Amino acid sequence: MGTKLMEAQAITEQQRAIAFPTSEWFERLAQLMKINSTLHEHLGYIDCVAQFTVLDGGLGGKPWSVQVTFEEFEATDVREAGAVDVARADFTLEASLATWREMIEVIARGRGRPDLTHTLNYLSHTGTPIRVWSEDPLRKDLFFRYNQSLQEFINASAAFRTIFEG
């Protein structure tokens, strides 16, 4: 395949809007994590199952969750999660659609760099507007251990257009 054709396909892929919250949105982040493996190798390995929950992001404004499995320097699995799957996750990050949207839009405006008040760490520090929880304190600690890798995972959303429904 010619270089110009590959570049055109890459541009088309970046311009294609992906809806949030959807598994496809997180799958795209997983693809970008693999493409940008050098960055993630620099940050160090990440081994955990993170659940991202949008409290009002599902049908009828019900909670919607996805679990992302991270192994070493990539996201190896993305799957929608229901209430029965919560024990599989090491920790859950949950927030309203408005909170997720604001953070994602700030990241996009910053071309992959959020301002200091729109990071996972800042937004979860006091337990609001993002709540990080786990039934096991040691598993919850994995969020803090891998925080920068998780932030870079979300920051990759600046590489494509995100649309928000509802």
# chains A, B, ... in the order shown; residues from 1 in each chain; ligands from 1
call {"tool": "select_by_dssp", "arguments": {"residues": "segment 71-119 of chain A", "states": "alpha helix (DSSP H)", "output": "MDAnalysis selection string"}}
result
chainID A and resid 97:109
call {"tool": "write_last_selection", "arguments": {"atoms": "all heavy atoms", "output": "JSON list (two decimals), in the first residue's frame"}}
result
[["chain", "number", "residue", "atom", "x", "y", "z"],
["A", 97, "LEU", "N", -21.96, 11.86, 33.25],
["A", 97, "LEU", "CA", -21.61, 12.11, 31.86],
["A", 97, "LEU", "C", -21.05, 13.52, 31.71],
["A", 97, "LEU", "O", -20.08, 13.74, 30.98],
["A", 97, "LEU", "CB", -22.83, 11.91, 30.94],
["A", 97, "LEU", "CG", -22.60, 12.15, 29.45],
["A", 97, "LEU", "CD1", -21.51, 11.25, 28.90],
["A", 97, "LEU", "CD2", -23.90, 11.95, 28.68],
["A", 98, "ALA", "N", -21.61, 14.48, 32.41],
["A", 98, "ALA", "CA", -21.13, 15.87, 32.33],
["A", 98, "ALA", "C", -19.67, 15.98, 32.77],
["A", 98, "ALA", "O", -18.88, 16.70, 32.14],
["A", 98, "ALA", "CB", -22.01, 16.79, 33.17],
["A", 99, "THR", "N", -19.28, 15.26, 33.81],
["A", 99, "THR", "CA", -17.89, 15.29, 34.29],
["A", 99, "THR", "C", -16.96, 14.67, 33.26],
["A", 99, "THR", "O", -15.91, 15.25, 32.94],
["A", 99, "THR", "CB", -17.76, 14.56, 35.64],
["A", 99, "THR", "OG1", -18.57, 15.26, 36.60],
["A", 99, "THR", "CG2", -16.32, 14.51, 36.11],
["A", 100, "TRP", "N", -17.32, 13.48, 32.76],
["A", 100, "TRP", "CA", -16.49, 12.83, 31.74],
["A", 100, "TRP", "C", -16.38, 13.73, 30.51],
["A", 100, "TRP", "O", -15.30, 13.90, 29.95],
["A", 100, "TRP", "CB", -17.07, 11.47, 31.34],
["A", 100, "TRP", "CG", -16.93, 10.40, 32.37],
["A", 100, "TRP", "CD1", -17.95, 9.80, 33.07],
["A", 100, "TRP", "CD2", -15.73, 9.79, 32.83],
["A", 100, "TRP", "NE1", -17.44, 8.85, 33.93],
["A", 100, "TRP", "CE2", -16.07, 8.82, 33.81],
["A", 100, "TRP", "CE3", -14.38, 9.96, 32.52],
["A", 100, "TRP", "CZ2", -15.14, 8.03, 34.45],
["A", 100, "TRP", "CZ3", -13.44, 9.17, 33.18],
["A", 100, "TRP", "CH2", -13.82, 8.22, 34.12],
["A", 101, "ARG", "N", -17.51, 14.29, 30.09],
["A", 101, "ARG", "CA", -17.51, 15.13, 28.89],
["A", 101, "ARG", "C", -16.59, 16.34, 29.05],
["A", 101, "ARG", "O", -15.81, 16.66, 28.16],
["A", 101, "ARG", "CB", -18.94, 15.60, 28.58],
["A", 101, "ARG", "CG", -19.02, 16.47, 27.35],
["A", 101, "ARG", "CD", -20.43, 16.89, 27.03],
["A", 101, "ARG", "NE", -20.45, 17.60, 25.77],
["A", 101, "ARG", "CZ", -21.51, 17.74, 25.02],
["A", 101, "ARG", "NH1", -22.67, 17.23, 25.38],
["A", 101, "ARG", "NH2", -21.43, 18.40, 23.88],
["A", 102, "GLU", "N", -16.70, 17.02, 30.18],
["A", 102, "GLU", "CA", -15.86, 18.20, 30.40],
["A", 102, "GLU", "C", -14.38, 17.84, 30.35],
["A", 102, "GLU", "O", -13.58, 18.53, 29.74],
["A", 102, "GLU", "CB", -16.22, 18.85, 31.74],
["A", 102, "GLU", "CG", -15.48, 20.14, 32.00],
["A", 102, "GLU", "CD", -15.93, 20.81, 33.28],
["A", 102, "GLU", "OE1", -17.07, 20.62, 33.72],
["A", 102, "GLU", "OE2", -15.09, 21.54, 33.86],
["A", 103, "MET", "N", -14.01, 16.73, 31.01],
["A", 103, "MET", "CA", -12.61, 16.32, 31.00],
["A", 103, "MET", "C", -12.14, 15.99, 29.59],
["A", 103, "MET", "O", -11.08, 16.44, 29.15],
["A", 103, "MET", "CB", -12.39, 15.12, 31.92],
["A", 103, "MET", "CG", -10.93, 14.67, 31.97],
["A", 103, "MET", "SD", -10.61, 13.30, 33.08],
["A", 103, "MET", "CE", -11.52, 11.99, 32.27],
["A", 104, "ILE", "N", -12.93, 15.23, 28.84],
["A", 104, "ILE", "CA", -12.56, 14.83, 27.48],
["A", 104, "ILE", "C", -12.45, 16.06, 26.58],
["A", 104, "ILE", "O", -11.53, 16.17, 25.75],
["A", 104, "ILE", "CB", -13.56, 13.80, 26.94],
["A", 104, "ILE", "CG1", -13.41, 12.49, 27.73],
["A", 104, "ILE", "CG2", -13.38, 13.57, 25.44],
["A", 104, "ILE", "CD1", -14.59, 11.53, 27.56],
["A", 105, "GLU", "N", -13.37, 17.00, 26.71],
["A", 105, "GLU", "CA", -13.32, 18.22, 25.90],
["A", 105, "GLU", "C", -12.10, 19.08, 26.24],
["A", 105, "GLU", "O", -11.48, 19.66, 25.35],
["A", 105, "GLU", "CB", -14.62, 19.02, 26.05],
["A", 105, "GLU", "CG", -15.79, 18.34, 25.34],
["A", 105, "GLU", "CD", -17.13, 19.04, 25.56],
["A", 105, "GLU", "OE1", -17.26, 19.86, 26.50],
["A", 105, "GLU", "OE2", -18.06, 18.74, 24.77],
["A", 106, "VAL", "N", -11.75, 19.16, 27.51],
["A", 106, "VAL", "CA", -10.55, 19.92, 27.92],
["A", 106, "VAL", "C", -9.30, 19.24, 27.35],
["A", 106, "VAL", "O", -8.39, 19.92, 26.86],
["A", 106, "VAL", "CB", -10.49, 20.08, 29.45],
["A", 106, "VAL", "CG1", -9.12, 20.55, 29.91],
["A", 106, "VAL", "CG2", -11.57, 21.03, 29.93],
["A", 107, "ILE", "N", -9.25, 17.93, 27.39],
["A", 107, "ILE", "CA", -8.12, 17.19, 26.82],
["A", 107, "ILE", "C", -8.02, 17.47, 25.32],
["A", 107, "ILE", "O", -6.92, 17.69, 24.80],
["A", 107, "ILE", "CB", -8.26, 15.68, 27.10],
["A", 107, "ILE", "CG1", -8.02, 15.40, 28.59],
["A", 107, "ILE", "CG2", -7.30, 14.86, 26.24],
["A", 107, "ILE", "CD1", -8.41, 14.00, 29.05],
["A", 108, "ALA", "N", -9.15, 17.47, 24.63],
["A", 108, "ALA", "CA", -9.15, 17.74, 23.18],
["A", 108, "ALA", "C", -8.66, 19.16, 22.89],
["A", 108, "ALA", "O", -7.84, 19.36, 21.99],
["A", 108, "ALA", "CB", -10.55, 17.53, 22.60],
["A", 109, "ARG", "N", -9.15, 20.14, 23.67],
["A", 109, "ARG", "CA", -8.70, 21.52, 23.46],
["A", 109, "ARG", "C", -7.21, 21.67, 23.72],
["A", 109, "ARG", "O", -6.53, 22.47, 23.09],
["A", 109, "ARG", "CB", -9.50, 22.49, 24.34],
["A", 109, "ARG", "CG", -10.86, 22.81, 23.80],
["A", 109, "ARG", "CD", -11.49, 24.01, 24.49],
["A", 109, "ARG", "NE", -11.63, 23.88, 25.93],
["A", 109, "ARG", "CZ", -12.66, 23.32, 26.56],
["A", 109, "ARG", "NH1", -13.66, 22.83, 25.87],
["A", 109, "ARG", "NH2", -12.70, 23.27, 27.88]]
call {"tool": "closest_atom_pairs", "arguments": {"of": "segment 5-63 of chain A", "to": "segment 159-164 of chain A", "cutoff": "6 Å", "atoms": "only C-alpha atoms", "output": "JSON lines"}}
result
{"residue": "A:Gln14", "atom": "CA", "partner": "A:Phe160", "partner_atom": "CA", "distance": 4.6}
{"residue": "A:Ala17", "atom": "CA", "partner": "A:Arg161", "partner_atom": "CA", "distance": 4.6}
{"residue": "A:Ile18", "atom": "CA", "partner": "A:Thr162", "partner_atom": "CA", "distance": 5.1}
{"residue": "A:Ala19", "atom": "CA", "partner": "A:Ile163", "partner_atom": "CA", "distance": 4.7}
{"residue": "A:Phe20", "atom": "CA", "partner": "A:Phe164", "partner_atom": "CA", "distance": 5.4}
call {"tool": "atom_distance", "arguments": {"atom1": "atom CA of Glu74 of chain A", "atom2": "atom CA of Leu116 of chain A"}}
result
25.1 Å
call {"tool": "closest_atom_pairs", "arguments": {"of": "segment 66-95 of chain A", "to": "segment 45-53 of chain A", "cutoff": "8 Å", "atoms": "only C-alpha atoms", "output": "tab-separated table"}}
result
residue	atom	partner	partner_atom	distance
A:Val66	CA	A:Phe52	CA	5.4
A:Gln67	CA	A:Gln51	CA	4.3
A:Val68	CA	A:Ala50	CA	5.3
A:Thr69	CA	A:Val49	CA	4.4
A:Phe70	CA	A:Asp47	CA	5.1
A:Glu71	CA	A:Asp47	CA	4.6
A:Glu72	CA	A:Tyr45	CA	4.3
A:Phe73	CA	A:Tyr45	CA	5.3
A:Glu74	CA	A:Ile46	CA	7.8
A:Ala81	CA	A:Gln51	CA	8.0
A:Val86	CA	A:Gln51	CA	7.8
A:Arg88	CA	A:Val49	CA	7.2
A:Ala89	CA	A:Val49	CA	4.9
A:Asp90	CA	A:Val49	CA	5.3
A:Phe91	CA	A:Ala50	CA	5.6
A:Thr92	CA	A:Gln51	CA	4.5
A:Leu93	CA	A:Phe52	CA	5.0
A:Glu94	CA	A:Thr53	CA	4.5
A:Ala95	CA	A:Thr53	CA	6.5
call {"tool": "select_by_dssp", "arguments": {"residues": "segment 88-132 of chain A", "states": "strand (DSSP E or B)", "output": "PyMOL selection string"}}
result
chain A and resi 91-95+131-132
call {"tool": "write_last_selection", "arguments": {"atoms": "C-alpha atoms", "output": "compact mmCIF listing (two decimals), in the first residue's frame"}}
result
# COMPACT_ATOMS: atom_id res chain seq x y z
CA PHE A 91 -11.16 -0.44 40.92
CA THR A 92 -13.95 1.65 39.45
CA LEU A 93 -13.85 5.27 38.37
CA GLU A 94 -17.36 6.66 38.28
CA ALA A 95 -18.71 10.07 37.39
CA ARG A 131 -15.27 8.61 42.69
CA VAL A 132 -12.64 5.86 42.73
call {"tool": "atom_distance", "arguments": {"atom1": "atom CA of Gly112 of chain A", "atom2": "atom CA of Asn147 of chain A"}}
result
15.7 Å
call {"tool": "closest_residue", "arguments": {"among": "A:Pro21, A:Pro129, A:Pro114, A:Gly60", "to": "Gln151 of chain A", "atoms": "only C-alpha atoms"}}
result
A:Pro114
call {"tool": "residues_around", "arguments": {"residues": "Ala83 of chain A", "least_positions_apart": "4", "cutoff": "10 Å", "atoms": "only C-alpha atoms", "output": "PyMOL selection string"}}
result
chain A and resi 63-65+87
call {"tool": "atom_distance", "arguments": {"atom1": "atom CA of Ser134 of chain A", "atom2": "atom CA of Glu152 of chain A"}}
result
21.8 Å
